[in-house]
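Visitor: If you scroll down you'll find the structure; I have some questions about it.
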Amino acid sequence: MNACFLAGLLCLSAVGAEETIDAFDYPTDDAARAAWRACDADVAIKMATVDGRRELRLEAPFARRPDLERVYIDRDVKLDLTIPGEFVLLAGADAPSAAGDLTLYFRSGPGWYAAAGTLDGLGLKEVRFPKAAFRTEGRPGGWDRIEQIRISAWQGEAVNATLRIARLSAPRRAIAVVAPDAPGDEAADAARYRERIIATLERLGLAADTVRESDLARGALAGRCVVILPHNPGLSAEADAALARAADQGVKVFVCYQLPPKLGAALGFGSPKWFKQDRPGEFAEIRFDAADLEGFPKSVRQASWNVVTAEPTGHDARAIGHWFDDQGNPTGKPAMLVSRRGAFLGHVLLEDDPEGKTRLLGAALARLAPSIGVEMARYRLDAAGRVGHCPGAAEALEFIRAQGKPKATALADRAKQTLTQARSALDAGRAVEAQRLAERARGEWVEAYLRAQPSPKREARAWWNHSGTGAYPGDWDRTARELSEAGFNMIFPNMLWAGVAHYPSDLLPRSQTFEKHGDQIAQCVAAARKHGIEVHVWKVNHYLSGAPREFVASLRREGRTQVSVDGRPLDWLCPSHPENFKLERDTMLEVARKYEVDGLHFDYIRYPNAEHCYCDGCRARFEADSGRKARDWPRECHSGARADEYRDWRCRQITRLVAAVHDEAKKIRPGIRISAAVFGSYPSCRRSIGQDWVDWAKSGHVDFLCPMDYTNSDSAFATLARNQLRLVEGRVPLYPGIGATSSHSALPVDRVVGQIHLARSLGAGGFTIFNLAPATAESLLPGIALGVGAEKAAPPHARPGD
């Protein structure tokens with residue numbers, strides 16, 4: 001290992017350099033075991049050679065040892081990992097469904113830095129761990145004093161597996177994205193905007209390191225081409241000075257919203273002024289008005305509520321874009337400035353108009369660093385034919401032609417020709433033209449792929465709607481009409497939580513949504529009936545988010561909220577508390593009594609994690625149910641001799657609620673369907689969160705299940721769905737959840753349809769998409785209607801006469 005990372009101000013290529021932390025090329029098994037320690041005597045470490053490459057093999061005996069929640073190896077080190085913004089593990093598993101969930105740990109003093117990653121498919125894959133994704137456990141001493149590395153694989157499916165590890169490295173990217181240090185009040189916002197920038201870069205084919213503000217003065221900018229500040233409120237004077245020095249030395253800087261004084265002067269921007277909108281829609285669009293702006297869109301939708309303006313002060317700075325309102329009128333305020341040294345955008349990058357934002361950022365980066373522009377053009381060419389589940393243009397063409405739809409085939413043939421023109425432009429050095437042609441080819445490939453999809457007549461086509469107001473608050477009829485026109489037949493609207501309801505509940509506080517828009521269940525059911533959509537009312541169980549403060553406080557006083565294993569309170573209802581069981585059951589039954597709904601849908605029907613609940617009430621009820629005292633509470637039941645017994649008891653607390661709602665709701669409304677949104681990985685979810693959905697299916701407590709298989713990886717999605725279908729043995733239909741917009745995934749329309757194709761090919765009864773909102777209604781419904789939803793369908797759980 002080498003703790004010294006190369007510095008210098010020579011701009012890296014767009015791919016960047018890489019420092020190997022461990023090559024895992026040990027000559028013998030003994031040498032590997034001398035470097036790395038296994039967690040258990042049954043976890044063997046061996047070396048192997050594959051295609052001339054040495055790799056470490058770690059046995060994961062999850063079938064023989066179901067008590068092992070994970071396997072891991074440790075190595076003692078002395079490293080300064082301050083500078084790297086990302087770590088890459090080249091690894092694989094012969095059974096990713098069993099050992100594909102990884103955690104990479106670095107110990108520093110009395111604490112750890114930890115980040116999660118996922119293996120998908122067979123063979124060696126690069127699993128990326130951005131530094132900004134690392135959480136802390138305990139109190140780590142700092143990235144400059146790393147003393148131990150741990151690589152963990154968590155048990156998923158209970159089968160034996162072998163983990164392959166071939167390299168751990170720290171690549172150094174040409175682009176760095178700066179993250180704030182302190183949590184602060186705006187930490188969540190800063191993280192969200194940073195992730196949006198990183199996701200946009202990924203769509204451009206560009207990787208980036210995430211570096212902390214405190215590391216800027218310690219060499220984190222050495223060798224970078226471009227640095228991006230997505231949202232950095234309260235930037236320190238030291239960090240500001242480091243960025244200004246970097247700009248003086250040739251590093252280009254793209255800044256959003258805040259304009260630090262020294263950096264602004266170094267870039268040629270000054271006199272920042274903050275403006276708040278006088279009315280919603282005052283700042284709705286950015287229009288670009290310079291004729292020489294290659295690659296920039298003519299306009300970008302950006303519904304900002306606050307903006308910062310700046311003035312050119314040097315380095316050939318000028319305003320290239322201005323704010324317009326939602327009526328198309330100019331505001332007179334500059335929205336974007338560029339100079340020879342950088343660019344300034346007057347607000348954070350918002351989620352509306354993702355294609356426009358991608359073009360904006362790509363054009364700005366190409367202007368600042370032409371080598372990155374060439375790299376983006378190459379990526380666009382390579383990616384143009386990667387549509388849906390197809391890895392390339394050849395596979396896409398074969399799939400589309402095989403469907404036998406003339407219009408789709410003609411579009412695919414045209415896309416192939418456009419792609420040839422794009423390659424000729426790049427070969428001639430016309431990178432911007434190549435990108436434009438590649439974008440056109442991409443659009444043609446996507447439309448061809450969408451039109452080629454079949455549309456079976458027996459299939460569940462559903463949306464989760466988190467807001468509980470449909471895609472258009474106050475207009476359920478429009479939502480239901482557009483869903484029907486796109487071929488959908490089900491919706492799961494989130495109408496109640498553990499402590500708040502969007503309808504006139506007699507048991508729960510009424511929400512602000514109810515006060516503003518009225519009874520959402522009544523409006524939803526009426527509109528859905530009109531347009532032939534089933535309504536399965538979604539409840540967030542146990543989680544008290546959004547509940548009135550006094551309501552939560554009263555539950556705490558009554559001892560009805562959860563407590564962690566180390567004694568910390570949590571605002572979730574304790575599932576074992578009799579009054580909580582009654583409240584959860586009765587609120588769901590209230591919906592069945594008051595409304596002609598097609599179904600009731602559980603969510604958060606679980607514990608938050610393996611650390612809950614260990615309240616005094618849980619101890620008393622567990623002791624009463626088991627007939628034995630828990631003498632070393634809570635350790636004995638968390639990680640001691642009775643841990644398995646306590647996990648089983650937790651599962652029973654969750655299952656009894658599902659069973660009770662199922663049985664009682666059928667008495668109230670015999671045709672009603674009971675379903676649940678469940679974690680994808682089983683049996684790990686049974687151990688960690690007390691959610692035994694396989695038992696619910698086999699015991700007849702649910703009519704169908706919607707596993708939340710949110711992932712950007714098609715192979716991971718297929719692995720999850722395949723395992724789930726095997727586990728339920730055809731007892732109930734499965735409608736796998738596709739994360740179009742989730743905390744774990746973001747998928748454009750062709751990738752959503754690609755995962756629908758995979759679910760169909762595996763034998764699933766349908767699909768469920770998260771999340772229905774104005775943006776997804778606009779970006780997904782029209783494309784799905786072209787093929788997947790072209791014909792009406794009935795869901796498999798429907799019976800004749802329903």
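Residue numbers start at 1 in each chain; chains themselves are named A, B, ... in the order of the structure tokens; ligands are numbered from 1 in the order shown.
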Could you name the residues that touch Ser505 (chain A) at 10 Å or less, counting only C-alpha atoms, but leaving out those on the same chain fewer than 4 positions away, as a list in words?

Guide: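 Here the qualifying residues turn out to be Leu496, Val500, Ala501, Pro509, Arg510, Ser511, Asp519, Thr587, Glu590, Val591 and Lys594 of chain A.
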
Visitor: Can I get the residues of region 145-232 of chain A within 8 Å of region 374-395 of chain A, each with the closest pair of atoms and their distance in Å to one decimal, using only C-alpha atoms, sorted chain first then ascending number, as a tab-separated table?

Guide:
residue	atom	partner	partner_atom	distance
A:Leu204	CA	A:Met376	CA	5.9
A:Gly205	CA	A:Tyr379	CA	5.5
A:Leu206	CA	A:Met376	CA	7.1

Visitor: Return the single residue from A:Glu137, A:Leu104, A:Arg212, A:Leu201 that is closest to Leu168 (chain A), with distances computed using only C-alpha atoms.

Guide: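 Of all the options, A:Leu104 lies closest to Leu168 (chain A).
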
Visitor: When DSSP is applied to the backbone of this structure, which of region 561-641 of chain A are assigned alpha helix (DSSP H)? Write them out as a count of residues only.

Guide: 32

Visitor: At a cut-off of 8 Å, using only C-alpha atoms, what residues contact Val753 (chain A)? Leave out same-chain residues fewer than 6 positions from it and give the result as JSON, numbers by chain.

Guide: {"A": [388, 450, 784, 788]}

Visitor: Just the strand (DSSP E or B) stuff from region 12-138 of chain A, please, per backbone DSSP, written as a PyMOL selection string.

Guide: chain A and resi 17-22+37-38+45-50+53-61+70-79+86-93+101-108+111-118+125-130+135-138

Visitor: Within 8 Å of Arg341 (chain A), counting only C-alpha atoms, which residues qualify if same-chain residues fewer than 3 places away don't, as a count of residues only?

Guide: 11

Visitor: Identify which of the residues A:Ser371, A:Ser761, A:Gln277, A:Asn232 lies closest to Pro260 (chain A), counting only C-alpha atoms when measuring atom-to-atom distances.

Guide: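 Checking each candidate against Pro260 (chain A), we get A:Asn232 as the closest.
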
Visitor: For the interface of region 503-590 of chain A with region 473-484 of chain A (cut-off 7 Å, counting only C-alpha atoms), please tabulate each contacting residue of region 503-590 of chain A alongside its nearest pair of atoms and their separation in Å to one decimal, rows sorted by chain and increasing number, as a tab-separated table.

Guide:
residue	atom	partner	partner_atom	distance
A:His517	CA	A:Gly474	CA	5.8
A:Gln523	CA	A:Trp476	CA	6.4
A:Cys524	CA	A:Trp476	CA	5.7
A:Ala527	CA	A:Asp477	CA	4.8
A:Ala528	CA	A:Ala480	CA	5.4
A:His531	CA	A:Arg481	CA	5.9
A:Gly532	CA	A:Ser484	CA	6.9
A:Ile533	CA	A:Ser484	CA	6.8

Visitor: Write the residues of the preceding selection, restricted to C-alpha atoms, as a compact mmCIF listing (two decimals), in the first residue's frame.

Guide:
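File written: result_26.txt
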# COMPACT_ATOMS: atom_id res chain seq x y z
CA HIS A 517 -57.71 20.42 -0.83
CA GLN A 523 -61.92 12.78 -4.60
CA CYS A 524 -59.48 10.06 -5.68
CA ALA A 527 -62.11 10.20 -10.32
CA ALA A 528 -60.63 6.71 -10.46
CA HIS A 531 -61.63 6.39 -15.56
CA GLY A 532 -61.38 2.70 -14.66
CA ILE A 533 -58.51 2.90 -12.14

Visitor: Neighbours of Glu351 (chain A) within 10 Å (only C-alpha atoms; same-chain residues fewer than 6 positions away dropped), as a PyMOL selection string?

Guide: chain A and resi 193+196-197+301-303+357+775

Visitor: Show me, as a ChimeraX atom specification, the residues that have an atom within 8 Å of Gly789 (chain A) when counting only C-alpha atoms, minus same-chain residues fewer than 5 positions from it.

Guide: /A:455,486-488,784

Visitor: Just want the 12 Å neighbourhood of Trp696 (chain A), counted on only C-alpha atoms, with same-chain residues fewer than 3 positions away dropped. Output as a CSV table (one decimal) with N, CA and C atoms, in the first residue's frame.

Guide:
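For reference, part-v5.csv as written:
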chain,number,residue,atom,x,y,z
A,605,ILE,N,-44.3,-1.1,7.2
A,605,ILE,CA,-44.9,-2.2,8.0
A,605,ILE,C,-43.7,-3.0,8.5
A,651,CYS,N,-40.9,-10.1,14.5
A,651,CYS,CA,-41.6,-10.4,13.3
A,651,CYS,C,-43.1,-10.7,13.6
A,652,ARG,N,-43.4,-11.3,14.8
A,652,ARG,CA,-44.8,-11.6,15.1
A,652,ARG,C,-45.6,-10.3,15.4
A,654,ILE,N,-45.2,-7.5,13.9
A,654,ILE,CA,-45.6,-6.9,12.6
A,654,ILE,C,-46.7,-7.8,11.9
A,655,THR,N,-46.4,-9.1,11.9
A,655,THR,CA,-47.3,-10.0,11.2
A,655,THR,C,-48.7,-10.0,11.7
A,656,ARG,N,-48.9,-9.8,13.0
A,656,ARG,CA,-50.2,-9.9,13.6
A,656,ARG,C,-51.1,-8.7,13.1
A,657,LEU,N,-50.4,-7.6,12.9
A,657,LEU,CA,-51.2,-6.4,12.4
A,657,LEU,C,-51.6,-6.7,10.9
A,658,VAL,N,-50.7,-7.2,10.1
A,658,VAL,CA,-51.1,-7.5,8.7
A,658,VAL,C,-52.3,-8.5,8.7
A,659,ALA,N,-52.2,-9.5,9.5
A,659,ALA,CA,-53.2,-10.6,9.6
A,659,ALA,C,-54.5,-10.0,10.1
A,660,ALA,N,-54.5,-9.1,11.1
A,660,ALA,CA,-55.7,-8.6,11.6
A,660,ALA,C,-56.4,-7.7,10.6
A,662,HIS,N,-56.1,-7.8,7.4
A,662,HIS,CA,-56.6,-8.6,6.3
A,662,HIS,C,-58.0,-9.3,6.7
A,674,ILE,N,-55.7,-6.8,0.1
A,674,ILE,CA,-54.7,-6.3,1.0
A,674,ILE,C,-53.3,-6.6,0.4
A,675,SER,N,-52.5,-5.5,0.5
A,675,SER,CA,-51.2,-5.6,-0.1
A,675,SER,C,-50.2,-4.9,0.7
A,676,ALA,N,-48.9,-4.9,0.3
A,676,ALA,CA,-47.8,-4.2,1.1
A,676,ALA,C,-46.7,-3.9,0.2
A,678,VAL,N,-42.8,-3.8,0.3
A,678,VAL,CA,-41.9,-4.6,1.2
A,678,VAL,C,-40.5,-4.4,0.7
A,686,ARG,N,-36.1,-9.8,7.2
A,686,ARG,CA,-36.8,-10.4,8.4
A,686,ARG,C,-36.0,-10.2,9.6
A,691,GLN,N,-39.7,-7.8,9.1
A,691,GLN,CA,-40.7,-7.9,8.0
A,691,GLN,C,-40.6,-9.2,7.3
A,692,ASP,N,-41.5,-10.2,7.7
A,692,ASP,CA,-41.5,-11.5,7.1
A,692,ASP,C,-42.6,-11.6,6.0
A,693,TRP,N,-42.4,-11.0,4.9
A,693,TRP,CA,-43.4,-10.9,3.9
A,693,TRP,C,-43.6,-12.3,3.2
A,699,SER,N,-49.2,-17.5,4.3
A,699,SER,CA,-50.2,-17.7,5.2
A,699,SER,C,-51.6,-17.0,4.8
A,700,GLY,N,-51.6,-16.4,3.6
A,700,GLY,CA,-52.8,-15.8,3.1
A,700,GLY,C,-53.1,-14.5,3.7
A,701,HIS,N,-52.2,-13.8,4.2
A,701,HIS,CA,-52.5,-12.5,4.9
A,701,HIS,C,-52.5,-11.3,3.9
A,702,VAL,N,-52.0,-11.6,2.6
A,702,VAL,CA,-51.9,-10.5,1.6
A,702,VAL,C,-52.4,-11.1,0.3
A,703,ASP,N,-53.0,-10.3,-0.6
A,703,ASP,CA,-53.5,-10.7,-1.9
A,703,ASP,C,-52.4,-10.5,-3.0
A,704,PHE,N,-51.5,-9.5,-2.8
A,704,PHE,CA,-50.4,-9.4,-3.7
A,704,PHE,C,-49.3,-8.5,-2.9
A,705,LEU,N,-48.1,-8.5,-3.5
A,705,LEU,CA,-47.0,-7.8,-2.9
A,705,LEU,C,-46.3,-6.9,-3.9
A,727,LEU,N,-39.5,-17.2,-3.9
A,727,LEU,CA,-39.8,-17.4,-2.5
A,727,LEU,C,-41.3,-17.5,-2.3
A,728,VAL,N,-42.1,-16.7,-3.1
A,728,VAL,CA,-43.6,-16.8,-2.9
A,728,VAL,C,-44.2,-18.0,-3.5
A,731,ARG,N,-47.9,-18.1,-4.7
A,731,ARG,CA,-49.1,-18.0,-3.8
A,731,ARG,C,-49.8,-16.7,-4.1
A,732,VAL,N,-49.1,-15.6,-4.3
A,732,VAL,CA,-49.7,-14.3,-4.6
A,732,VAL,C,-49.0,-13.7,-5.8

Visitor: Would you please work out which residue, of A:Gln724, A:Glu433, A:Tyr113, A:Thr162, is nearest to Ala697 (chain A) when using only C-alpha atoms?

Guide: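 Ranked by minimum distance to Ala697 (chain A), first place goes to A:Gln724.
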
Visitor: I'd like to know which of A:Pro297, A:Pro140, A:Pro61, A:Pro66 is closest to Ala363 (chain A), using only C-alpha atoms.

Guide: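 Smallest distance to Ala363 (chain A) is found for A:Pro297.
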
Visitor: What is the CA of Glu444 (chain A) to CA of Arg414 (chain A) distance in Å?

Guide: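 Going from CA of Glu444 (chain A) over to CA of Arg414 (chain A) covers 7.2 Å.
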